[in-house]
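Source file: model-v1.txt; contents: compact mmCIF, C-alpha atoms.
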```
# COMPACT_ATOMS: atom_id res chain seq x y z
CA MET A 8 30.14 33.59 8.92
CA LYS A 9 26.59 34.68 8.01
CA HIS A 10 23.77 32.17 8.19
CA VAL A 11 20.70 32.82 6.01
CA VAL A 12 17.67 30.54 6.34
CA MET A 13 15.02 30.62 3.62
CA PHE A 14 12.22 31.12 6.13
CA SER A 15 9.11 30.26 4.13
CA GLY A 16 6.53 30.22 6.90
CA GLY A 17 6.43 26.43 6.88
CA VAL A 18 7.32 24.09 9.70
CA GLY A 19 10.32 22.70 7.82
CA SER A 20 12.07 26.06 7.60
CA TRP A 21 11.36 26.68 11.31
CA ALA A 22 12.86 23.31 12.23
CA ALA A 23 15.89 23.99 10.03
CA ALA A 24 16.36 27.43 11.59
CA LYS A 25 16.21 25.92 15.08
CA ARG A 26 19.07 23.58 14.22
CA VAL A 27 21.13 26.40 12.72
CA ALA A 28 20.55 28.59 15.79
CA LYS A 29 21.53 25.76 18.13
CA ARG A 30 24.71 25.05 16.19
CA TYR A 31 25.92 28.57 15.44
CA GLY A 32 23.94 30.94 17.65
CA THR A 33 21.78 33.81 16.43
CA LYS A 34 24.19 36.76 16.26
CA LYS A 35 24.66 36.43 12.50
CA LEU A 36 21.44 34.57 11.72
CA THR A 37 18.97 35.94 9.15
CA LEU A 38 15.51 34.47 8.55
CA LEU A 39 14.58 35.53 5.00
CA PHE A 40 10.88 35.55 4.08
CA THR A 41 9.62 36.32 0.57
CA ASP A 42 5.97 37.36 0.49
CA THR A 43 3.70 36.27 -2.38
CA PHE A 44 0.77 38.42 -1.21
CA ILE A 45 -1.63 35.46 -1.27
CA GLU A 46 -0.57 33.94 2.02
CA ASP A 47 -3.04 32.81 4.65
CA ASN A 48 -3.33 35.42 7.40
CA ASP A 49 -2.33 32.79 9.95
CA LEU A 50 1.02 32.38 8.21
CA TYR A 51 2.02 35.89 9.27
CA ARG A 52 1.11 35.12 12.87
CA PHE A 53 3.17 31.94 12.74
CA LEU A 54 6.06 33.67 10.96
CA ASP A 55 6.43 36.29 13.68
CA GLU A 56 6.05 33.81 16.55
CA ALA A 57 8.46 31.35 14.96
CA ALA A 58 11.04 34.08 14.36
CA VAL A 59 10.93 35.18 18.00
CA ASN A 60 11.26 31.55 19.04
CA VAL A 61 14.33 30.97 16.84
CA GLY A 62 16.08 34.30 17.31
CA GLY A 63 18.10 36.21 14.76
CA ASP A 64 16.81 38.84 12.35
CA LEU A 65 13.57 38.30 10.44
CA VAL A 66 13.80 40.00 7.05
CA LYS A 67 10.64 40.30 4.94
CA ILE A 68 10.91 41.14 1.24
CA ALA A 69 8.36 41.30 -1.58
CA ASP A 70 8.26 41.96 -5.31
CA GLY A 71 4.92 43.74 -4.89
CA ARG A 72 2.96 41.44 -7.17
CA ASP A 73 0.97 38.28 -6.50
CA PRO A 74 1.06 35.09 -8.61
CA TRP A 75 -1.90 36.04 -10.78
CA THR A 76 -0.25 39.34 -11.70
CA ILE A 77 2.91 37.43 -12.55
CA PHE A 78 0.96 35.04 -14.80
CA ARG A 79 -0.52 37.94 -16.73
CA ASP A 80 2.77 39.83 -16.96
CA THR A 81 4.56 36.75 -18.31
CA ARG A 82 1.58 35.32 -20.24
CA ILE A 83 2.36 31.99 -18.58
CA LEU A 84 -0.12 30.15 -16.36
CA GLY A 85 1.84 28.28 -13.73
CA ASN A 86 1.55 24.49 -13.63
CA THR A 87 3.65 21.46 -12.74
CA ARG A 88 6.12 22.28 -15.54
CA PHE A 89 6.36 26.06 -15.28
CA ASP A 90 6.38 28.16 -12.12
CA PRO A 91 6.87 31.84 -13.01
CA CYS A 92 5.36 32.79 -9.65
CA SER A 93 7.92 30.85 -7.59
CA ARG A 94 10.74 31.87 -9.89
CA ILE A 95 10.03 35.61 -9.70
CA LEU A 96 8.42 36.03 -6.28
CA LYS A 97 10.64 33.56 -4.42
CA ARG A 98 13.87 32.41 -6.05
CA GLU A 99 14.89 35.48 -8.04
CA LEU A 100 13.87 37.87 -5.25
CA ALA A 101 15.78 35.88 -2.64
CA THR A 102 18.79 35.67 -4.97
CA GLN A 103 18.79 39.45 -5.42
CA TRP A 104 18.71 39.98 -1.67
CA VAL A 105 21.46 37.44 -1.01
CA ASN A 106 23.72 38.91 -3.71
CA ALA A 107 23.18 42.41 -2.34
CA ASN A 108 23.78 41.51 1.29
CA CYS A 109 26.12 38.52 1.36
CA LEU A 110 29.44 37.26 0.05
CA THR A 111 30.01 33.72 -1.13
CA SER A 112 33.09 33.56 1.08
CA ASP A 113 31.29 34.24 4.37
CA THR A 114 27.71 33.00 3.92
CA ILE A 115 25.90 29.69 4.30
CA LEU A 116 22.35 29.39 2.95
CA TYR A 117 19.86 26.96 4.44
CA LEU A 118 16.71 25.33 3.03
CA GLY A 119 13.87 23.72 4.95
CA ILE A 120 13.63 20.58 2.83
CA ASP A 121 13.88 17.32 4.77
CA TRP A 122 15.16 13.80 4.14
CA ALA A 123 11.94 12.87 2.31
CA GLU A 124 12.77 15.50 -0.34
CA MET A 125 16.35 14.48 -1.08
CA HIS A 126 15.49 14.25 -4.79
CA ARG A 127 15.45 18.06 -4.84
CA TRP A 128 18.84 18.47 -3.23
CA GLU A 129 21.05 18.42 -6.35
CA ARG A 130 18.89 20.99 -8.12
CA SER A 131 19.07 23.19 -5.04
CA LYS A 132 22.85 23.10 -4.99
CA ARG A 133 23.04 23.92 -8.70
CA PHE A 134 20.65 26.84 -8.37
CA TRP A 135 22.43 28.49 -5.43
CA MET A 136 25.99 28.07 -6.72
CA PRO A 137 28.52 29.42 -5.89
CA TYR A 138 27.07 29.82 -2.39
CA ARG A 139 27.46 27.06 0.14
CA ILE A 140 24.05 25.57 0.88
CA GLU A 141 22.85 23.17 3.53
CA ALA A 142 19.60 21.44 4.44
CA PRO A 143 19.68 20.74 8.21
CA MET A 144 16.55 18.56 8.13
CA CYS A 145 18.26 16.22 5.66
CA GLN A 146 20.77 15.46 8.39
CA GLU A 147 20.51 13.32 11.51
CA PRO A 148 18.50 13.10 13.63
CA TYR A 149 15.90 12.45 10.91
CA ILE A 150 12.36 13.50 11.82
CA ASP A 151 9.18 13.70 9.77
CA LYS A 152 6.67 16.51 9.44
CA ASP A 153 4.42 15.19 12.21
CA GLN A 154 7.37 15.24 14.58
CA MET A 155 8.20 18.80 13.53
CA LEU A 156 4.62 19.87 14.22
CA GLU A 157 4.77 18.21 17.62
CA ALA A 158 8.01 20.09 18.31
CA LEU A 159 6.12 23.31 17.58
CA ARG A 160 3.51 22.42 20.17
CA VAL A 161 6.21 21.64 22.73
CA GLU A 162 7.65 25.11 22.11
CA GLY A 163 4.21 26.61 22.77
CA ILE A 164 3.63 27.73 19.17
CA VAL A 165 0.19 27.15 17.67
CA VAL A 166 0.42 24.96 14.58
CA PRO A 167 -0.48 26.89 11.39
CA ARG A 168 -4.12 26.24 10.59
CA LEU A 169 -3.44 25.01 7.05
CA TYR A 170 -1.63 21.99 8.47
CA ASP A 171 -4.59 21.26 10.73
CA MET A 172 -6.84 21.42 7.66
CA GLY A 173 -4.75 18.73 6.00
CA PHE A 174 -2.65 20.80 3.59
CA PRO A 175 0.90 19.53 3.06
CA HIS A 176 2.42 23.00 3.29
CA ASN A 177 1.66 26.42 4.77
CA ASN A 178 2.32 28.57 1.72
CA CYS A 179 0.21 30.60 -0.70
CA GLY A 180 -2.95 30.23 1.36
CA GLY A 181 -3.46 26.61 0.35
CA PHE A 182 -3.07 27.45 -3.35
CA CYS A 183 -0.23 26.00 -5.42
CA ILE A 184 0.24 25.75 -9.17
CA LYS A 185 2.23 22.54 -8.66
CA ALA A 186 -0.54 20.91 -6.65
CA GLY A 187 -2.64 18.07 -7.96
CA GLN A 188 -6.38 17.42 -8.06
CA ALA A 189 -6.50 15.99 -4.52
CA HIS A 190 -4.92 19.17 -3.18
CA PHE A 191 -7.40 21.43 -4.97
CA LYS A 192 -10.28 19.21 -3.88
CA LEU A 193 -9.18 19.83 -0.29
CA LEU A 194 -9.04 23.58 -0.95
CA LEU A 195 -12.59 23.45 -2.33
CA GLU A 196 -13.82 21.55 0.72
CA LYS A 197 -12.02 23.59 3.38
CA MET A 198 -12.07 27.08 1.85
CA PRO A 199 -14.65 27.21 -0.95
CA ASP A 200 -14.54 31.00 -1.25
CA ARG A 201 -10.79 30.93 -1.73
CA TYR A 202 -11.15 28.16 -4.30
CA ARG A 203 -13.75 30.20 -6.19
CA TYR A 204 -11.38 33.18 -6.20
CA HIS A 205 -8.65 31.16 -7.93
CA GLU A 206 -11.22 29.59 -10.25
CA GLN A 207 -12.29 33.08 -11.30
CA LYS A 208 -8.71 34.29 -11.74
CA GLU A 209 -7.87 31.27 -13.90
CA GLU A 210 -10.84 31.98 -16.18
CA GLU A 211 -9.94 35.69 -16.36
CA PHE A 212 -6.44 34.71 -17.45
CA ARG A 213 -7.79 32.36 -20.12
CA GLN A 214 -10.04 35.09 -21.48
CA TYR A 215 -7.13 37.54 -21.44
CA LEU A 216 -5.10 35.20 -23.64
CA LYS A 217 -8.09 34.67 -25.93
CA ALA A 218 -8.58 38.42 -26.35
CA ASN A 219 -4.86 39.06 -26.84
CA PRO A 220 -3.66 36.21 -29.07
CA ARG A 221 -0.15 35.66 -30.37
CA ARG A 222 1.02 33.66 -33.35
CA THR A 223 2.00 30.74 -31.17
CA GLY A 224 0.34 29.29 -28.10
CA THR A 225 -3.25 28.75 -27.08
CA TRP A 226 -5.70 30.36 -24.71
CA ASP A 227 -7.08 26.96 -23.67
CA VAL A 228 -4.75 26.54 -20.70
CA ALA A 229 -5.25 25.32 -17.14
CA ILE A 230 -3.27 24.76 -13.96
CA LEU A 231 -4.30 21.12 -13.67
CA ARG A 232 -4.09 18.08 -15.93
CA ASP A 233 -6.50 15.15 -16.07
CA ARG A 234 -4.65 11.90 -16.78
CA SER A 235 -7.52 9.51 -16.11
CA GLY A 236 -7.83 8.53 -19.77
CA GLY A 237 -4.16 7.76 -20.18
CA LYS A 238 -3.49 11.12 -21.83
CA ALA A 239 -2.86 14.41 -20.02
CA ILE A 240 -5.44 17.04 -20.93
CA PRO A 241 -6.01 20.43 -19.28
CA ILE A 242 -8.79 20.60 -16.68
CA THR A 243 -9.80 24.00 -15.34
CA LEU A 244 -10.61 24.70 -11.73
CA ARG A 245 -14.23 25.20 -12.74
CA GLU A 246 -14.29 21.76 -14.36
CA LEU A 247 -12.66 20.20 -11.31
CA ARG A 248 -15.22 21.83 -9.01
CA GLU A 249 -18.07 20.51 -11.16
CA LYS A 250 -16.44 17.09 -11.15
CA VAL A 251 -16.21 17.06 -7.33
CA GLN A 252 -19.70 18.47 -6.82
CA GLY A 253 -21.06 15.93 -9.29
CA GLY A 254 -19.72 13.09 -7.20
CA ARG A 255 -17.15 11.95 -9.72
CA GLU A 256 -13.93 10.41 -8.44
CA VAL A 257 -10.76 12.44 -7.98
CA ASP A 258 -7.42 10.65 -7.66
CA PRO A 259 -6.79 10.73 -3.88
CA TYR A 260 -3.03 10.42 -4.44
CA ASP A 261 -2.69 13.32 -6.89
CA TRP A 262 -1.25 15.89 -4.47
CA GLY A 263 1.65 17.26 -6.50
CA GLY A 264 4.35 19.11 -4.63
CA CYS A 265 5.61 22.60 -3.93
CA GLY A 266 9.29 23.51 -3.92
CA CYS A 267 9.56 27.26 -4.31
CA PHE A 268 13.22 27.52 -3.32
CA VAL A 269 14.41 24.16 -4.61
CA ASP A 270 12.73 23.40 -7.95
CA GLY A 271 14.56 25.86 -10.15
CA ASP A 272 17.62 25.54 -12.35
CA LYS A 273 19.63 28.46 -13.60
```
File written out as structure tokens:
Amino acid sequence: MKHVVMFSGGVGSWAAAKRVAKRYGTKKLTLLFTDTFIEDNDLYRFLDEAAVNVGGDLVKIADGRDPWTIFRDTRILGNTRFDPCSRILKRELATQWVNANCLTSDTILYLGIDWAEMHRWERSKRFWMPYRIEAPMCQEPYIDKDQMLEALRVEGIVVPRLYDMGFPHNNCGGFCIKAGQAHFKLLLEKMPDRYRYHEQKEEEFRQYLKANPRRTGTWDVAILRDRSGGKAIPITLRELREKVQGGREVDPYDWGGCGCFVDGDK
């Protein structure tokens, strides 16, 4: 039986892989990483160290594009409702690799979601059918993210720096189209240059749509939504930056959530 862990570069997928390795060994274990080309450099350090720690074969695959290229190619700016970046650069790419290298009869796929993300489990099973899929961190013993990070330290692995900065995940360099205003506020505070890069790319995309209109749709799009007035309206990264720098309040609970391998339906 083959065992394929969706090895995202986050602590959850490492913890899941450790449980798989302990249960089944590493002879037929594959750690599958899909690169978005906007990852934090420290993710690659962690990825390699974590893979050595777990054992098995680390397989790295990439489409060759980054999320902003995907947005332009699809004319869709990712947000909480639509994630062309995750769909193309993560789920579809991983599916292609699995279909080319595995059989449904002799393969188990594993996700790094934990018991706090059980609401994503049914969608995950639907997406990966007819493969058997498991989520080891949704099983006993139940541990939270802080305990997983402590387990990393015990193993002698340096915790990825994005976690130490306060980010909820270690993917896409702190950027995420499903993140909320609190998440982007943190990105602005911790990595202002990186925030400005995404602010610029968002505006470039808006201007691209404006210069290349279609009969339907609008160019006035944004990753984020402002719901403070009771109605959701687009708010650009530039507008959010000006809001933060102007001392206006940002909802501290608006973090959103990333689920690259688990938020898609076929």
Extract, using all atoms listed in the file, all DNA, RNA and protein residues at most 12 Å from Glu196 of chain A, discarding same-chain residues fewer than 6 positions from it, and format them as a PDB file with C-alpha atoms, keeping the file's coordinate frame.
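Okay, out01.pdb is ready:
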```pdb
ATOM      1  CA  MET A 172      -6.840  21.420   7.660  1.00  0.00           C
ATOM      2  CA  GLY A 173      -4.750  18.730   6.000  1.00  0.00           C
ATOM      3  CA  PHE A 174      -2.650  20.800   3.590  1.00  0.00           C
ATOM      4  CA  GLY A 181      -3.460  26.610   0.350  1.00  0.00           C
ATOM      5  CA  ALA A 189      -6.500  15.990  -4.520  1.00  0.00           C
ATOM      6  CA  HIS A 190      -4.920  19.170  -3.180  1.00  0.00           C
ATOM      7  CA  TYR A 202     -11.150  28.160  -4.300  1.00  0.00           C
ATOM      8  CA  ARG A 203     -13.750  30.200  -6.190  1.00  0.00           C
ATOM      9  CA  ARG A 248     -15.220  21.830  -9.010  1.00  0.00           C
ATOM     10  CA  VAL A 251     -16.210  17.060  -7.330  1.00  0.00           C
ATOM     11  CA  GLN A 252     -19.700  18.470  -6.820  1.00  0.00           C
TER      12      GLN A 252
END
```
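Picture a line from atom CA of Val27 of chain A to atom CA of Leu39 of chain A; it runs 13.6 Å.
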Write out as an MDAnalysis selection string the residues lying within 10 Å of segment 232-235 of chain A, counting all atoms listed in the file and excluding same-chain residues fewer than 6 positions away.
chainID A and resid 86:87 187:188 241:243 247 257:258
Shell around Leu50 of chain A at 9 Å using all atoms listed in the file, local window under 2 positions removed, as a compact mmCIF listing (two decimals) with C-alpha atoms, in the coordinates of the input:
```
# COMPACT_ATOMS: atom_id res chain seq x y z
CA GLY A 16 6.53 30.22 6.90
CA GLY A 17 6.43 26.43 6.88
CA GLU A 46 -0.57 33.94 2.02
CA ASP A 47 -3.04 32.81 4.65
CA ASN A 48 -3.33 35.42 7.40
CA ARG A 52 1.11 35.12 12.87
CA PHE A 53 3.17 31.94 12.74
CA LEU A 54 6.06 33.67 10.96
CA ASP A 55 6.43 36.29 13.68
CA PRO A 167 -0.48 26.89 11.39
CA ARG A 168 -4.12 26.24 10.59
CA LEU A 169 -3.44 25.01 7.05
CA ASN A 177 1.66 26.42 4.77
CA ASN A 178 2.32 28.57 1.72
CA GLY A 180 -2.95 30.23 1.36
```
Under the rule that only C-alpha atoms are counted, which of A:Met136, A:Ala142, A:Ile95, A:Ala229 is the nearest residue to Ser112 of chain A?
A:Met136
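Nearest-residue note for Glu209 of chain A: choosing from A:Leu96, A:Ile230, A:Ala28, A:Val59, the minimum distance belongs to A:Ile230, counting only C-alpha atoms.
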Just give me the gap between atom CA of Gly85 of chain A and atom CA of Cys179 of chain A in Å, one decimal is fine.
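Rounded to one decimal, the two atoms are 13.3 Å apart.
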I want to know what sits within 8 Å of Tyr138 of chain A, based on only C-alpha atoms, with residues of the same chain fewer than 4 positions away left out; could you give that as a PyMOL selection string?
chain A and resi 111-112+114-116
